[in-house]
file query-v1.cif (mmCIF, C-alpha atoms)
data_input
#
loop_
_atom_site.label_atom_id
_atom_site.label_comp_id
_atom_site.auth_asym_id
_atom_site.auth_seq_id
_atom_site.Cartn_x
_atom_site.Cartn_y
_atom_site.Cartn_z
CA MET A 94 3.35 5.85 -26.58
CA ALA A 95 5.64 4.23 -24.02
CA LEU A 96 3.42 1.48 -22.63
CA TYR A 97 4.05 -0.11 -19.24
CA LEU A 98 2.07 -2.37 -16.96
CA GLY A 99 2.01 -2.02 -13.19
CA VAL A 100 0.96 -4.95 -11.00
CA MET A 101 0.24 -4.28 -7.35
CA SER A 102 -0.82 -6.74 -4.66
CA GLY A 103 -1.06 -4.98 -1.33
CA THR A 104 -1.15 -5.96 2.31
CA SER A 105 -4.94 -6.19 2.27
CA LEU A 106 -4.57 -9.33 0.10
CA ASP A 107 -7.89 -8.74 -1.64
CA GLY A 108 -6.53 -9.09 -5.17
CA LEU A 109 -4.15 -7.91 -7.88
CA ASP A 110 -4.48 -4.47 -9.48
CA ILE A 111 -3.13 -4.32 -13.04
CA ALA A 112 -2.74 -0.92 -14.75
CA LEU A 113 -1.82 -0.12 -18.34
CA VAL A 114 -0.01 3.21 -18.39
CA ASP A 115 1.24 5.52 -21.14
CA MET A 116 4.43 6.72 -19.51
CA GLN A 117 5.03 9.55 -21.99
CA GLN A 118 2.04 11.35 -20.46
CA CYS A 119 1.91 9.37 -17.19
CA ARG A 120 -1.68 8.56 -18.10
CA LEU A 121 -3.78 5.59 -17.03
CA LEU A 122 -5.16 3.85 -20.13
CA ALA A 123 -6.89 0.73 -18.81
CA THR A 124 -7.17 -1.46 -15.73
CA HIS A 125 -7.99 -4.99 -14.68
CA TYR A 126 -8.64 -6.41 -11.22
CA VAL A 127 -8.03 -10.05 -10.32
CA PRO A 128 -9.65 -11.20 -7.04
CA MET A 129 -7.32 -13.15 -4.78
CA PRO A 130 -8.34 -16.83 -4.64
CA THR A 131 -9.23 -17.92 -1.12
CA ALA A 132 -6.59 -20.64 -0.98
CA LEU A 133 -3.79 -18.31 -2.16
CA ARG A 134 -4.88 -15.61 0.26
CA LYS A 135 -4.73 -18.12 3.09
CA ASP A 136 -1.28 -19.30 2.02
CA LEU A 137 0.08 -15.75 1.75
CA LEU A 138 -1.32 -14.74 5.14
CA ALA A 139 0.28 -17.81 6.72
CA LEU A 140 3.64 -16.87 5.20
CA CYS A 141 3.59 -13.55 7.04
CA ALA A 142 4.57 -15.48 10.17
CA SER A 143 7.13 -18.21 10.79
CA GLY A 144 6.06 -21.78 10.07
CA ALA A 145 7.14 -25.19 8.85
CA ASP A 146 8.49 -25.91 5.34
CA GLU A 147 8.53 -22.22 4.46
CA ILE A 148 10.88 -22.50 1.46
CA ALA A 149 8.61 -24.89 -0.42
CA ARG A 150 5.47 -23.01 0.64
CA VAL A 151 6.91 -19.70 -0.59
CA ALA A 152 7.88 -21.26 -3.91
CA MET A 153 4.42 -22.72 -4.50
CA ALA A 154 2.65 -19.53 -3.43
CA GLU A 155 4.72 -17.28 -5.67
CA ASN A 156 4.22 -19.59 -8.64
CA HIS A 157 0.46 -19.35 -8.07
CA TRP A 158 0.72 -15.56 -7.73
CA ALA A 159 2.72 -15.20 -10.96
CA SER A 160 0.28 -17.41 -12.88
CA LEU A 161 -2.63 -15.33 -11.60
CA ALA A 162 -0.89 -12.08 -12.60
CA ALA A 163 -0.08 -13.47 -16.06
CA GLN A 164 -3.71 -14.44 -16.63
CA GLY A 165 -4.85 -10.96 -15.61
CA ILE A 166 -2.29 -9.27 -17.87
CA GLN A 167 -3.27 -11.41 -20.85
CA ARG A 168 -6.93 -10.63 -20.23
CA LEU A 169 -6.27 -6.88 -20.05
CA LEU A 170 -4.14 -6.82 -23.20
CA SER A 171 -6.71 -8.90 -25.06
CA GLU A 172 -9.55 -6.58 -24.03
CA GLN A 173 -7.54 -3.54 -25.13
CA ARG A 174 -6.26 -5.23 -28.30
CA VAL A 175 -2.67 -4.42 -27.36
CA ASP A 176 0.07 -6.82 -28.45
CA ALA A 177 2.46 -7.89 -25.69
CA ALA A 178 5.39 -6.78 -27.90
CA ARG A 179 4.26 -3.17 -27.44
CA ILE A 180 4.75 -3.27 -23.67
CA SER A 181 8.14 -1.94 -22.56
CA ALA A 182 8.00 -3.73 -19.21
CA ILE A 183 5.84 -4.96 -16.37
CA GLY A 184 6.54 -3.38 -13.01
CA SER A 185 5.60 -6.10 -10.53
CA HIS A 186 5.53 -5.30 -6.84
CA GLY A 187 4.90 -8.91 -5.88
CA GLN A 188 3.44 -9.76 -2.50
CA THR A 189 5.13 -8.65 0.71
CA VAL A 190 5.38 -11.52 3.18
CA ARG A 191 7.98 -10.02 5.53
CA HIS A 192 9.13 -6.44 6.04
CA GLU A 193 11.77 -5.94 8.74
CA PRO A 194 14.19 -3.21 7.62
CA ALA A 195 15.52 -2.87 11.19
CA ARG A 196 16.91 -6.38 10.69
CA GLY A 197 18.12 -5.52 7.19
CA PHE A 198 15.56 -7.29 5.01
CA THR A 199 12.26 -7.06 3.20
CA VAL A 200 10.74 -9.90 1.18
CA GLN A 201 8.33 -9.64 -1.76
CA ILE A 202 7.49 -12.83 -3.62
CA GLY A 203 5.95 -13.28 -7.07
CA ASN A 204 8.40 -15.25 -9.25
CA PRO A 205 9.18 -12.55 -11.84
CA ALA A 206 11.07 -15.07 -13.97
CA LEU A 207 7.90 -17.12 -14.37
CA LEU A 208 5.84 -13.98 -15.02
CA ALA A 209 8.24 -12.99 -17.83
CA GLU A 210 8.05 -16.50 -19.26
CA LEU A 211 4.25 -16.63 -19.19
CA THR A 212 3.69 -13.17 -20.66
CA GLY A 213 6.63 -12.77 -23.04
CA ILE A 214 7.20 -9.31 -21.53
CA THR A 215 10.21 -7.96 -19.63
CA VAL A 216 9.47 -7.91 -15.90
CA ILE A 217 11.03 -5.58 -13.34
CA SER A 218 10.53 -6.43 -9.69
CA ASP A 219 12.26 -6.48 -6.30
CA PHE A 220 12.14 -2.69 -5.99
CA ARG A 221 12.57 -2.44 -2.23
CA ARG A 222 15.71 -4.40 -1.42
CA ARG A 223 18.20 -2.04 -3.07
CA ASP A 224 16.96 0.80 -0.86
CA VAL A 225 17.26 -1.45 2.21
CA ALA A 226 20.78 -2.43 1.12
CA ALA A 227 21.60 1.30 1.12
CA GLY A 228 20.42 1.63 4.71
CA GLY A 229 16.86 2.66 3.91
CA GLN A 230 13.46 1.41 4.99
CA GLY A 231 12.56 0.20 1.51
CA ALA A 232 9.19 1.86 2.02
CA PRO A 233 7.20 3.77 1.20
CA LEU A 234 8.30 3.93 -2.44
CA VAL A 235 5.33 5.87 -3.83
CA PRO A 236 6.15 9.43 -2.61
CA ALA A 237 8.38 10.17 -5.62
CA PHE A 238 5.55 9.11 -7.92
CA HIS A 239 3.03 11.14 -5.90
CA GLU A 240 5.29 14.15 -6.36
CA THR A 241 5.35 13.49 -10.13
CA LEU A 242 1.55 13.37 -10.28
CA PHE A 243 0.56 16.07 -7.80
CA GLY A 244 3.59 18.29 -7.22
CA HIS A 245 2.05 21.10 -9.27
CA LEU A 246 -1.04 21.50 -7.08
CA GLY A 247 0.18 23.82 -4.35
CA GLN A 248 2.68 24.70 -1.69
CA ARG A 249 1.61 22.20 0.99
CA VAL A 250 -0.04 19.08 -0.41
CA ALA A 251 -0.15 15.66 1.25
CA VAL A 252 -1.03 12.42 -0.51
CA LEU A 253 -2.37 9.69 1.75
CA ASN A 254 -2.44 6.08 0.63
CA VAL A 255 -4.66 3.89 2.79
CA GLY A 256 -4.22 0.23 1.95
CA GLY A 257 -3.51 -2.42 4.55
CA PHE A 258 -1.25 0.24 6.07
CA SER A 259 -1.39 4.00 5.62
CA ASN A 260 1.44 6.17 4.37
CA LEU A 261 1.86 9.86 3.70
CA SER A 262 3.71 11.74 0.98
CA LEU A 263 4.35 15.36 1.96
CA ILE A 264 4.89 17.64 -0.99
CA GLU A 265 6.29 21.15 -0.57
CA GLN A 266 7.64 22.88 -3.64
CA ALA A 267 10.71 24.28 -1.90
CA SER A 268 11.72 20.99 -0.21
CA PRO A 269 12.40 17.35 -1.15
CA VAL A 270 9.33 15.16 -0.87
CA HIS A 271 9.02 13.57 2.57
CA GLY A 272 7.01 10.50 3.50
CA PHE A 273 6.60 7.61 5.89
CA ASP A 274 4.15 4.98 7.12
CA CYS A 275 1.59 6.28 9.61
CA GLY A 276 0.47 2.90 10.94
CA PRO A 277 -2.43 0.51 10.30
CA GLY A 278 -4.77 1.47 7.48
CA ASN A 279 -7.29 -1.29 6.80
CA VAL A 280 -5.28 -4.24 8.11
CA LEU A 281 -6.78 -4.38 11.61
CA LEU A 282 -10.23 -3.32 10.44
CA ASP A 283 -10.24 -6.17 7.91
CA ALA A 284 -8.86 -8.72 10.35
CA TRP A 285 -11.35 -7.86 13.11
CA ILE A 286 -14.45 -7.99 10.90
CA GLU A 287 -13.24 -11.24 9.34
CA ARG A 288 -12.82 -12.79 12.79
CA LYS A 289 -16.15 -11.56 14.15
CA ARG A 290 -18.43 -11.50 11.10
CA GLY A 291 -16.72 -13.59 8.44
CA GLN A 292 -16.41 -10.65 6.05
CA GLN A 293 -13.15 -9.66 4.36
CA TYR A 294 -13.68 -5.91 4.81
CA ASP A 295 -16.02 -3.34 6.37
CA ALA A 296 -17.83 -1.87 3.35
CA ASP A 297 -17.91 1.95 3.61
CA GLY A 298 -16.94 1.63 7.28
CA ALA A 299 -20.60 0.88 8.09
CA TRP A 300 -19.88 -1.55 10.93
CA ALA A 301 -17.38 0.86 12.49
CA ALA A 302 -19.98 3.65 12.22
CA SER A 303 -22.44 1.52 14.22
CA GLY A 304 -20.10 1.40 17.21
CA SER A 305 -18.60 3.88 19.65
CA VAL A 306 -14.92 4.64 20.20
CA VAL A 307 -13.52 3.21 23.44
CA PRO A 308 -11.19 5.94 24.79
CA GLU A 309 -9.06 3.71 27.03
CA LEU A 310 -8.52 1.18 24.24
CA LEU A 311 -7.63 3.91 21.76
CA GLU A 312 -5.13 5.41 24.22
CA ALA A 313 -3.51 2.03 24.76
CA LEU A 314 -3.21 1.35 21.02
CA LEU A 315 -1.77 4.78 20.29
CA GLY A 316 0.83 4.17 22.98
CA ASP A 317 2.73 1.79 20.71
CA PRO A 318 6.29 3.10 20.16
CA PHE A 319 5.83 3.03 16.38
CA PHE A 320 3.59 6.09 16.48
CA ALA A 321 6.33 8.33 17.90
CA GLY A 322 8.35 10.38 15.41
CA THR A 323 8.01 11.15 11.73
CA GLY A 324 10.41 8.70 10.19
CA PRO A 325 11.95 7.49 8.13
CA LYS A 326 9.80 4.59 9.29
CA SER A 327 7.74 1.78 7.84
CA THR A 328 5.76 -1.09 9.25
CA GLY A 329 3.81 -4.21 8.41
CA ARG A 330 1.94 -7.23 9.70
CA GLU A 331 4.99 -8.14 11.79
CA VAL A 332 3.96 -5.32 14.17
CA PHE A 333 0.24 -4.68 13.70
CA ASN A 334 -1.87 -7.83 13.71
CA LEU A 335 -4.61 -9.52 15.73
CA THR A 336 -2.07 -10.86 18.24
CA TRP A 337 -1.01 -7.25 18.93
CA LEU A 338 -4.64 -6.19 19.30
CA ASP A 339 -5.49 -9.15 21.56
CA ALA A 340 -2.59 -8.27 23.86
CA HIS A 341 -4.28 -4.91 24.49
CA LEU A 342 -7.83 -6.23 24.68
CA CYS A 343 -6.97 -8.81 27.34
CA LYS A 344 -5.88 -6.02 29.72
CA LEU A 345 -9.18 -4.13 29.47
CA PRO A 346 -12.87 -4.90 30.11
CA ALA A 347 -14.82 -6.66 27.38
CA TYR A 348 -16.34 -4.38 24.74
CA ARG A 349 -18.89 -4.82 22.02
CA ASP A 350 -17.35 -6.03 18.78
CA GLU A 351 -18.58 -2.99 16.86
CA ASP A 352 -17.02 -0.68 19.47
CA VAL A 353 -13.65 -2.33 18.88
CA GLN A 354 -14.16 -1.76 15.13
CA ALA A 355 -15.01 1.89 15.72
CA THR A 356 -11.88 2.26 17.84
CA LEU A 357 -9.72 0.66 15.14
CA LEU A 358 -11.05 3.11 12.57
CA GLU A 359 -10.32 5.96 14.96
CA LEU A 360 -6.80 4.57 15.41
CA THR A 361 -6.28 4.79 11.64
CA ALA A 362 -7.67 8.34 11.51
CA ARG A 363 -5.81 9.62 14.57
CA SER A 364 -2.46 8.15 13.55
CA ILE A 365 -2.83 9.89 10.19
CA LEU A 366 -3.82 13.17 11.86
CA GLU A 367 -0.95 13.14 14.32
CA SER A 368 1.56 12.20 11.63
CA LEU A 369 0.37 15.02 9.40
CA GLN A 370 0.31 17.64 12.14
CA THR A 371 3.79 16.70 13.31
CA ALA A 372 5.42 16.54 9.89
CA GLN A 373 3.57 19.19 7.85
CA GLN A 374 1.45 21.74 9.64
CA ASP A 375 -1.10 23.85 7.74
CA THR A 376 -1.51 21.29 4.97
CA GLU A 377 -3.71 22.82 2.28
CA ALA A 378 -4.99 19.63 0.67
CA LEU A 379 -5.01 15.95 1.63
CA LEU A 380 -5.50 13.67 -1.38
CA VAL A 381 -6.50 10.13 -0.46
CA CYS A 382 -5.94 7.00 -2.55
CA GLY A 383 -6.09 3.27 -1.97
CA GLY A 384 -9.03 1.31 -0.59
CA GLY A 385 -9.44 3.74 2.29
CA ALA A 386 -10.64 6.40 -0.14
CA ARG A 387 -13.80 4.28 -0.56
CA ASN A 388 -14.44 4.16 3.20
CA GLY A 389 -16.95 6.97 3.70
CA THR A 390 -16.75 6.76 7.49
CA LEU A 391 -12.97 7.18 7.45
CA MET A 392 -13.10 10.02 4.92
CA ARG A 393 -15.69 11.91 6.97
CA ARG A 394 -13.63 11.41 10.13
CA LEU A 395 -10.49 12.75 8.47
CA ALA A 396 -12.40 15.82 7.29
CA GLU A 397 -13.66 16.39 10.87
CA LEU A 398 -10.15 16.08 12.31
CA LEU A 399 -8.65 18.41 9.68
CA PRO A 400 -11.09 21.34 9.41
CA GLY A 401 -8.51 23.61 7.79
CA THR A 402 -7.53 21.11 5.11
CA THR A 403 -9.40 20.12 1.97
CA VAL A 404 -9.83 16.33 2.19
CA SER A 405 -10.73 14.49 -1.01
CA SER A 406 -9.81 11.43 -3.01
CA THR A 407 -7.37 11.79 -5.89
CA ALA A 408 -10.28 11.49 -8.35
CA PRO A 409 -10.97 15.27 -8.65
CA HIS A 410 -7.34 15.61 -9.76
CA GLY A 411 -7.72 13.13 -12.58
CA VAL A 412 -6.41 9.93 -11.00
CA ASP A 413 -8.69 7.11 -9.87
CA PRO A 414 -7.77 6.41 -6.21
CA ASP A 415 -7.98 2.65 -6.72
CA TRP A 416 -5.17 2.63 -9.29
CA VAL A 417 -2.51 5.04 -8.02
CA GLU A 418 -0.27 2.32 -6.57
CA ALA A 419 -0.44 0.07 -9.63
CA MET A 420 0.48 3.10 -11.74
CA ALA A 421 3.38 3.76 -9.38
CA PHE A 422 4.94 0.38 -10.09
CA ALA A 423 4.62 0.95 -13.83
CA TRP A 424 6.49 4.22 -13.23
CA LEU A 425 9.13 2.46 -11.13
CA ALA A 426 9.70 -0.01 -13.98
CA HIS A 427 10.12 2.90 -16.38
CA CYS A 428 12.65 4.52 -14.04
CA CYS A 429 14.63 1.28 -13.82
CA LEU A 430 14.87 0.85 -17.59
CA GLU A 431 15.82 4.50 -18.05
CA ARG A 432 18.34 4.31 -15.18
CA ILE A 433 16.54 7.00 -13.19
CA PRO A 434 16.95 6.81 -9.38
CA ALA A 435 13.48 6.31 -7.90
CA ASN A 436 13.99 6.15 -4.16
CA ARG A 437 14.08 9.29 -2.03
CA PRO A 438 16.54 9.37 0.89
CA SER A 439 14.34 12.01 2.55
CA VAL A 440 11.62 9.33 2.68
CA THR A 441 13.40 6.05 3.34
CA GLY A 442 16.60 7.19 5.03
CA ALA A 443 18.82 5.49 2.43
CA ARG A 444 22.38 6.74 2.05
CA GLY A 445 21.62 8.17 -1.37
CA LEU A 446 19.65 7.92 -4.58
CA ARG A 447 19.49 4.43 -6.08
CA ILE A 448 18.14 2.80 -9.23
CA LEU A 449 15.56 0.31 -7.99
CA GLY A 450 14.53 -3.03 -9.41
CA ALA A 451 15.82 -6.26 -10.92
CA ILE A 452 15.25 -6.91 -14.64
CA TYR A 453 13.99 -10.22 -16.05
CA PRO A 454 14.14 -9.89 -19.85
CA ALA A 455 11.31 -11.16 -22.04
#

call {"tool": "encode", "arguments": {"input": "query-v1.cif", "output": "C-alpha cells"}}
result
Amino acid sequence: MALYLGVMSGTSLDGLDIALVDMQQCRLLATHYVPMPTALRKDLLALCASGADEIARVAMAENHWASLAAQGIQRLLSEQRVDAARISAIGSHGQTVRHEPARGFTVQIGNPALLAELTGITVISDFRRRDVAAGGQGAPLVPAFHETLFGHLGQRVAVLNVGGFSNLSLIEQASPVHGFDCGPGNVLLDAWIERKRGQQYDADGAWAASGSVVPELLEALLGDPFFAGTGPKSTGREVFNLTWLDAHLCKLPAYRDEDVQATLLELTARSILESLQTAQQDTEALLVCGGGARNGTLMRRLAELLPGTTVSSTAPHGVDPDWVEAMAFAWLAHCCLERIPANRPSVTGARGLRILGAIYPA
C-alpha cells in the first residue's frame, strides 16, 4: 500500500479532519477528527481581518494548529497500529486566513516544518500559491480529485462541496473538468446562529426550517457581483461575512432572526442552483460532500430546485461525504511527490498545469 495522510481544516473552523488513505486504490482506510479549541478558533477568525501585531499572532496560531494536527495524527496512527515510517507523506492544507487572488495572493498557515518535526513524517503543504503564481485562483483544488473518484459515473455529473463556502466540480467525459466557487455555503449560516443563539452551527438546518425566506433580502444578497458568471472564480471571508450581511440588513425592515437564517440557507441553495444551470445544464446527478451534506433542510431544498437531477451525498458511491476533502489533500501530496500536475487551468484559470505543493522532508 502507498499510505498518505490528508489534513484539512476548512473555513467553517470547526476542527481538523485527518484521513488515512491507501493511494494505490484511492481508498479511505481510517479517520480522526480533532475539534478546534475555542481559543484557537477565535485567534484564526481574528486573523481573517487586518489587526495589530499580525506577524506574531500568525506565528503563534500556526504553531498551535500544527501541534494540534500532530496530536491528531499520532492518535490516528496509534489507533490503527501504523508506524509513522510507513506514511509516504502528510498532505496538509493548513488554515486559510486570507484568500485574495485578484490581488495575487492566498495565505494558508499551519507551520508544516513544525508538523514534520513533531510527526517524523514528510509534510507537503502550500498547495494553492503555485497556481496563483501562474495566474490562477488557487481554488478550488478538489475538482481534479473529484474527477478521479467520480468520473466514471456518467456523462454529466456534478460534485458539490459545501463547507464554509460551496464549490462545484462539473464532470463531463468529453471535456476537461470545470469548477468554481458558488458562494457562501455554511459560513453565513454559522455566523448568524452564533451571533443570535450562541451555537456554532445550525444542526440539520432546523433553525432555518423554522423561518420563512424574505424575498427582498434574498434578492439583495443575490445581487452581489460575485454571483455573476461561471468562473474561474473563488471567494472567502474577505467578501462574505457578517459585515456584508449587516450592510444589506440595515437597508431593509427588521426581520425575525429565524427568517434571516432561512434566507441565508436559500441564498446557499439558489447560488448553487444558478451556478449549476448556467455552467452545466441537464446535470444527471449532483453528489454532495462536506458539512452541507448533513444539513437535511439544504439537501431537501436542492432536490426541490433540481427536479430533473438525482441529488444525494457521496455516500451511495462509496465515499463518506465528511472525508472527501481530507482525502483530496492526501491525493495532492501524492501528486506532488510523483511530480504529477494537480491543478486544472479549466478550473482555476492558471496559465497551465503545475505541480502543487512545497515539501518539508521528515

call {"tool": "closest_residue", "arguments": {"input": "query-v1.cif", "among": "A:Ala421, A:Leu246, A:Ile180, A:Ile217", "to": "Leu449 of chain A", "atoms": "only C-alpha atoms"}}
result
A:Ile217

call {"tool": "atom_distance", "arguments": {"input": "query-v1.cif", "atom1": "atom CA of Gly329 of chain A", "atom2": "atom CA of His192 of chain A"}}
result
6.2 Å

call {"tool": "atom_distance", "arguments": {"input": "query-v1.cif", "atom1": "atom CA of Arg288 of chain A", "atom2": "atom CA of Gln354 of chain A"}}
result
11.4 Å

call {"tool": "resolve_selection", "arguments": {"input": "query-v1.cif", "expression": "the PyMOL selection byres ((chain A and resi 272) around 10)", "output": "VMD selection string"}}
result
chain A and resid 232 to 237 251 to 253 260 to 264 269 to 271 273 to 275 323 to 327 368 to 369 372 437 to 441

call {"tool": "resolve_selection", "arguments": {"input": "query-v1.cif", "expression": "the PyMOL selection byres ((chain A and resi 213) around 10)", "output": "list of chain:residue names"}}
result
A:Ala163, A:Ala177, A:Ala178, A:Ile180, A:Ala182, A:Leu207, A:Leu208, A:Ala209, A:Glu210, A:Leu211, A:Thr212, A:Ile214, A:Thr215, A:Val216, A:Pro454, A:Ala455

call {"tool": "closest_residue", "arguments": {"input": "query-v1.cif", "among": "A:Glu431, A:Glu193, A:Glu331, A:Glu265", "to": "Gln373 of chain A", "atoms": "all atoms listed in the file"}}
result
A:Glu265
